[in-house]
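The structure file work_1.tsv is reproduced below (TSV, C-alpha atoms).
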chain	number	residue	atom	x	y	z
A	1	MET	CA	29.28	-15.82	9.56
A	2	TRP	CA	27.10	-13.73	11.90
A	3	ARG	CA	26.13	-11.48	9.00
A	4	ILE	CA	24.91	-14.47	6.99
A	5	LEU	CA	22.91	-15.77	9.96
A	6	ARG	CA	21.41	-12.34	10.57
A	7	LEU	CA	20.44	-11.98	6.90
A	8	ALA	CA	18.91	-15.46	6.94
A	9	ALA	CA	16.89	-14.60	10.05
A	10	VAL	CA	15.62	-11.39	8.43
A	11	ALA	CA	14.68	-13.30	5.27
A	12	VAL	CA	12.76	-15.92	7.28
A	13	PHE	CA	10.99	-13.21	9.27
A	14	MET	CA	9.99	-11.28	6.14
A	15	ALA	CA	8.85	-14.42	4.33
A	16	SER	CA	6.67	-15.43	7.26
A	17	SER	CA	4.57	-12.27	7.16
A	18	THR	CA	3.42	-10.01	4.37
A	19	THR	CA	1.73	-7.46	6.60
A	20	GLY	CA	3.55	-7.38	9.92
A	21	PHE	CA	6.93	-6.04	10.78
A	22	ALA	CA	8.17	-4.96	14.16
A	23	LYS	CA	9.29	-1.38	14.50
A	24	ASP	CA	13.01	-1.13	13.92
A	25	SER	CA	15.47	1.42	15.16
A	26	GLY	CA	16.51	2.51	11.65
A	27	GLN	CA	14.21	4.93	9.87
A	28	GLY	CA	15.50	3.78	6.48
A	29	GLU	CA	14.56	0.20	7.26
A	30	THR	CA	11.07	1.22	8.39
A	31	GLN	CA	10.61	3.36	5.30
A	32	SER	CA	11.58	0.39	3.11
A	33	VAL	CA	9.14	-1.87	4.94
A	34	ILE	CA	6.26	0.56	4.40
A	35	VAL	CA	7.10	1.02	0.70
A	36	GLU	CA	7.36	-2.75	0.26
A	37	LEU	CA	3.97	-3.31	1.92
A	38	GLU	CA	2.46	-0.83	-0.52
A	39	LYS	CA	4.17	-2.44	-3.52
A	40	VAL	CA	2.88	-5.88	-2.52
A	41	ALA	CA	-0.67	-4.49	-2.20
A	42	LEU	CA	-0.36	-2.71	-5.56
A	43	THR	CA	0.93	-5.87	-7.24
A	44	ARG	CA	-1.96	-7.89	-5.85
A	45	TRP	CA	-4.39	-5.12	-6.87
A	46	GLY	CA	-3.03	-5.12	-10.43
A	47	ASN	CA	-3.63	-8.87	-10.59
A	48	GLY	CA	-7.25	-8.42	-9.52
A	49	ASP	CA	-6.72	-9.30	-5.84
A	50	VAL	CA	-8.31	-6.55	-3.73
A	51	TYR	CA	-7.41	-8.37	-0.51
A	52	GLY	CA	-3.87	-6.99	-0.68
A	53	TYR	CA	-5.35	-3.72	0.56
A	54	ILE	CA	-8.06	-5.24	2.73
A	55	ASP	CA	-5.45	-7.32	4.57
A	56	LEU	CA	-3.39	-4.17	5.22
A	57	ALA	CA	-6.32	-2.12	6.49
A	58	SER	CA	-6.88	-1.26	10.12
A	59	GLU	CA	-10.34	-1.72	11.61
A	60	ASP	CA	-10.77	2.07	11.68
A	61	ILE	CA	-9.44	2.86	8.19
A	62	SER	CA	-10.66	6.00	6.45
A	63	TYR	CA	-10.65	6.21	2.66
A	64	PHE	CA	-11.05	8.83	-0.09
A	65	ASP	CA	-11.02	8.45	-3.85
A	66	PRO	CA	-12.43	10.57	-6.71
A	67	GLU	CA	-15.34	8.16	-7.28
A	68	GLN	CA	-16.66	8.52	-3.72
A	69	GLU	CA	-18.98	11.32	-2.65
A	70	LYS	CA	-17.58	11.32	0.86
A	71	ARG	CA	-15.00	9.66	3.06
A	72	LEU	CA	-15.54	5.97	3.84
A	73	ASP	CA	-14.99	5.01	7.47
A	74	GLY	CA	-14.16	1.57	8.84
A	75	LEU	CA	-13.05	-1.78	7.51
A	76	ALA	CA	-16.60	-2.94	6.72
A	77	ALA	CA	-17.22	0.03	4.39
A	78	PHE	CA	-13.75	-0.40	2.84
A	79	LYS	CA	-14.44	-4.08	2.11
A	80	GLU	CA	-17.89	-3.27	0.73
A	81	LEU	CA	-16.26	-0.88	-1.75
A	82	LEU	CA	-13.39	-3.15	-2.82
A	83	VAL	CA	-14.79	-6.70	-2.86
A	84	PRO	CA	-16.98	-6.17	-5.98
A	85	ALA	CA	-13.78	-5.35	-7.93
A	86	GLN	CA	-12.20	-8.71	-7.02
A	87	GLY	CA	-10.90	-10.36	-10.21
A	88	LYS	CA	-11.84	-7.38	-12.40
A	89	ILE	CA	-8.64	-5.33	-12.24
A	90	ASP	CA	-5.90	-5.81	-14.80
A	91	ILE	CA	-2.83	-3.64	-14.53
A	92	HIS	CA	0.12	-5.03	-16.44
A	93	ARG	CA	2.74	-3.12	-14.44
A	94	PHE	CA	3.10	0.01	-12.36
A	95	GLU	CA	5.70	2.56	-11.38
A	96	MET	CA	5.76	4.32	-8.04
A	97	PRO	CA	7.93	7.41	-8.59
A	98	ASN	CA	8.53	10.21	-6.14
A	99	TRP	CA	7.72	8.20	-3.05
A	100	ARG	CA	8.43	9.64	0.37
A	101	VAL	CA	7.88	8.18	3.83
A	102	GLN	CA	7.66	10.53	6.78
A	103	LEU	CA	7.94	8.81	10.17
A	104	TYR	CA	6.45	10.08	13.43
A	105	ASP	CA	6.77	7.60	16.29
A	106	ASN	CA	4.39	4.77	15.32
A	107	VAL	CA	3.00	6.53	12.22
A	108	GLY	CA	4.38	6.42	8.68
A	109	ILE	CA	2.99	8.68	5.97
A	110	LEU	CA	3.71	7.39	2.47
A	111	THR	CA	3.10	9.76	-0.43
A	112	PHE	CA	3.80	8.84	-4.04
A	113	ASN	CA	2.75	9.12	-7.64
A	114	LEU	CA	1.46	5.99	-9.31
A	115	VAL	CA	1.59	5.25	-13.02
A	116	ASN	CA	-0.36	2.17	-14.17
A	117	TYR	CA	0.32	0.53	-17.53
A	118	ASP	CA	-1.81	-1.77	-19.67
A	119	SER	CA	-0.60	-4.87	-21.51
A	120	ASN	CA	0.53	-2.70	-24.47
A	121	ASP	CA	2.76	-0.78	-22.06
A	122	SER	CA	0.64	2.33	-22.52
A	123	VAL	CA	-0.19	4.53	-19.55
A	124	LYS	CA	-3.57	3.50	-18.19
A	125	THR	CA	-3.92	5.89	-15.22
A	126	ARG	CA	-1.86	8.32	-13.17
A	127	TRP	CA	-2.55	8.86	-9.49
A	128	ASN	CA	-1.40	10.81	-6.47
A	129	SER	CA	-1.61	8.82	-3.26
A	130	THR	CA	-1.30	9.39	0.44
A	131	GLU	CA	-1.22	6.25	2.60
A	132	VAL	CA	-1.00	6.58	6.36
A	133	TYR	CA	0.31	3.56	8.24
A	134	HIS	CA	0.20	2.97	12.00
A	135	LEU	CA	2.16	0.38	13.95
A	136	GLU	CA	-0.49	-1.76	15.70
A	137	LYS	CA	0.63	-4.70	17.82
A	138	GLY	CA	3.86	-5.02	15.85
A	139	GLU	CA	2.20	-4.73	12.42
A	140	TRP	CA	2.08	-1.76	10.08
A	141	LYS	CA	-1.60	-1.24	9.25
A	142	LEU	CA	-3.18	1.14	6.77
A	143	VAL	CA	-5.28	3.68	8.71
A	144	HIS	CA	-5.95	6.22	5.97
A	145	SER	CA	-5.85	6.02	2.19
A	146	HIS	CA	-6.39	8.95	-0.18
A	147	TRP	CA	-6.24	8.68	-3.97
A	148	SER	CA	-6.61	11.42	-6.57
A	149	LEU	CA	-6.10	11.45	-10.33
A	150	THR	CA	-3.15	13.58	-11.40
A	151	LYS	CA	-4.83	14.77	-14.61
A	152	HIS	CA	-8.61	14.67	-14.45
A	153	GLY	CA	-10.13	13.33	-17.64
A	154	GLU	CA	-6.77	12.28	-19.09
A	155	ASN	CA	-4.74	9.07	-18.95
Please express what this file holds, its structure, as structure tokens.
Amino acid sequence: MWRILRLAAVAVFMASSTTGFAKDSGQGETQSVIVELEKVALTRWGNGDVYGYIDLASEDISYFDPEQEKRLDGLAAFKELLVPAQGKIDIHRFEMPNWRVQLYDNVGILTFNLVNYDSNDSVKTRWNSTEVYHLEKGEWKLVHSHWSLTKHGEN
């Protein structure tokens, strides 16, 4: 009975927030939370909703990708980069193999490969990603994001 109540409470808590989770005592649970936050943002991104990442971002986020000449600093610059892509992204599905979360107090470093597929189930892009999360006021926030293509010039 208590197990069912506890599971129900966890389900209600998780349903009530897509970006905030209190730090837990189990590293495996925290790792799962961080991976799930990233998957939700990636799903939204693939459906053309850039706010999945904007909503996760900390005020002092830093960001790298191969299209940028230099690092972007701060939420305003991050929004300025992403908002023009709103509604223009179409990724049919993705895979996130080889993920790893390293935890250090209130910091979680998520590294993974990303494979994006088009509607014909062909590989669209392959990425390497490093996402650094920080626990801020009970919420895991994205403080650094770094993306690189795994094979430059190839899909």
>> Show me, as a count of residues only, the residues that have an atom within 12 Å of Leu42 (chain A) when counting all atoms listed in the file, minus same-chain residues fewer than 5 positions from it.
In response: 24
> Counting all atoms listed in the file, what is within 8 Å of Ser62 (chain A), bar same-chain residues fewer than 6 positions away, as an MDAnalysis selection string?
Replying inline: chainID A and resid 71:74 78 143:145
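Using only C-alpha atoms, the contacts of Phe112 (chain A) at a cut-off of 7 Å, with sequence neighbours closer than 5 positions omitted, comprise A:Met96, A:Pro97, A:Asn98, A:Trp99, A:Arg100, A:Asn128, A:Ser129, A:Thr130.
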>> I want to know what sits within 9 Å of Ile109 (chain A), based on all atoms listed in the file, with residues of the same chain fewer than 3 positions away left out; could you give that as a PyMOL selection string?
In response: chain A and resi 34+100-104+130-134
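Candidate residues A:Lys137, A:His146, A:Lys88, A:Lys151 were compared for distance to Thr125 (chain A), and the nearest is A:Lys151, using all atoms listed in the file.
Straight-line separation from CA of Trp127 (chain A) to CA of Trp140 (chain A): 22.7 Å.
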>> Env of Ala77 (chain A): 12 Å cut, atoms = all atoms listed in the file, seq-sep filter 5 positions within chain, self excluded. Answer as a list in words.
In response: Ile54, Ala57, Ser58, Glu59, Asp60, Ile61, Ser62, Tyr63, Phe64, Gln68, Lys70, Arg71, Leu72, Leu82 and Val83 of chain A
>> What does the structure give for the distance between CA of Gly46 (chain A) and CA of Glu69 (chain A), in Å to one decimal?
In response: 24.2 Å
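The space between CA of Trp147 (chain A) and CA of Pro66 (chain A) spans 7.0 Å.
For the residues A:Glu80, A:Leu149, A:Gln86, A:Glu67, ranking by smallest atom-to-atom distance to Trp45 (chain A) using all atoms listed in the file places A:Gln86 first.
Residue nearest Leu142 (chain A), chosen from A:Asn106, A:Asn113, A:Thr43, A:Ser119 and counting all atoms listed in the file: A:Asn106.
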> Taking into account all atoms listed in the file, which residue in the set A:Gly108, A:Asp121, A:Thr150, A:Glu136 is nearest to Ser32 (chain A)?
Replying inline: A:Gly108
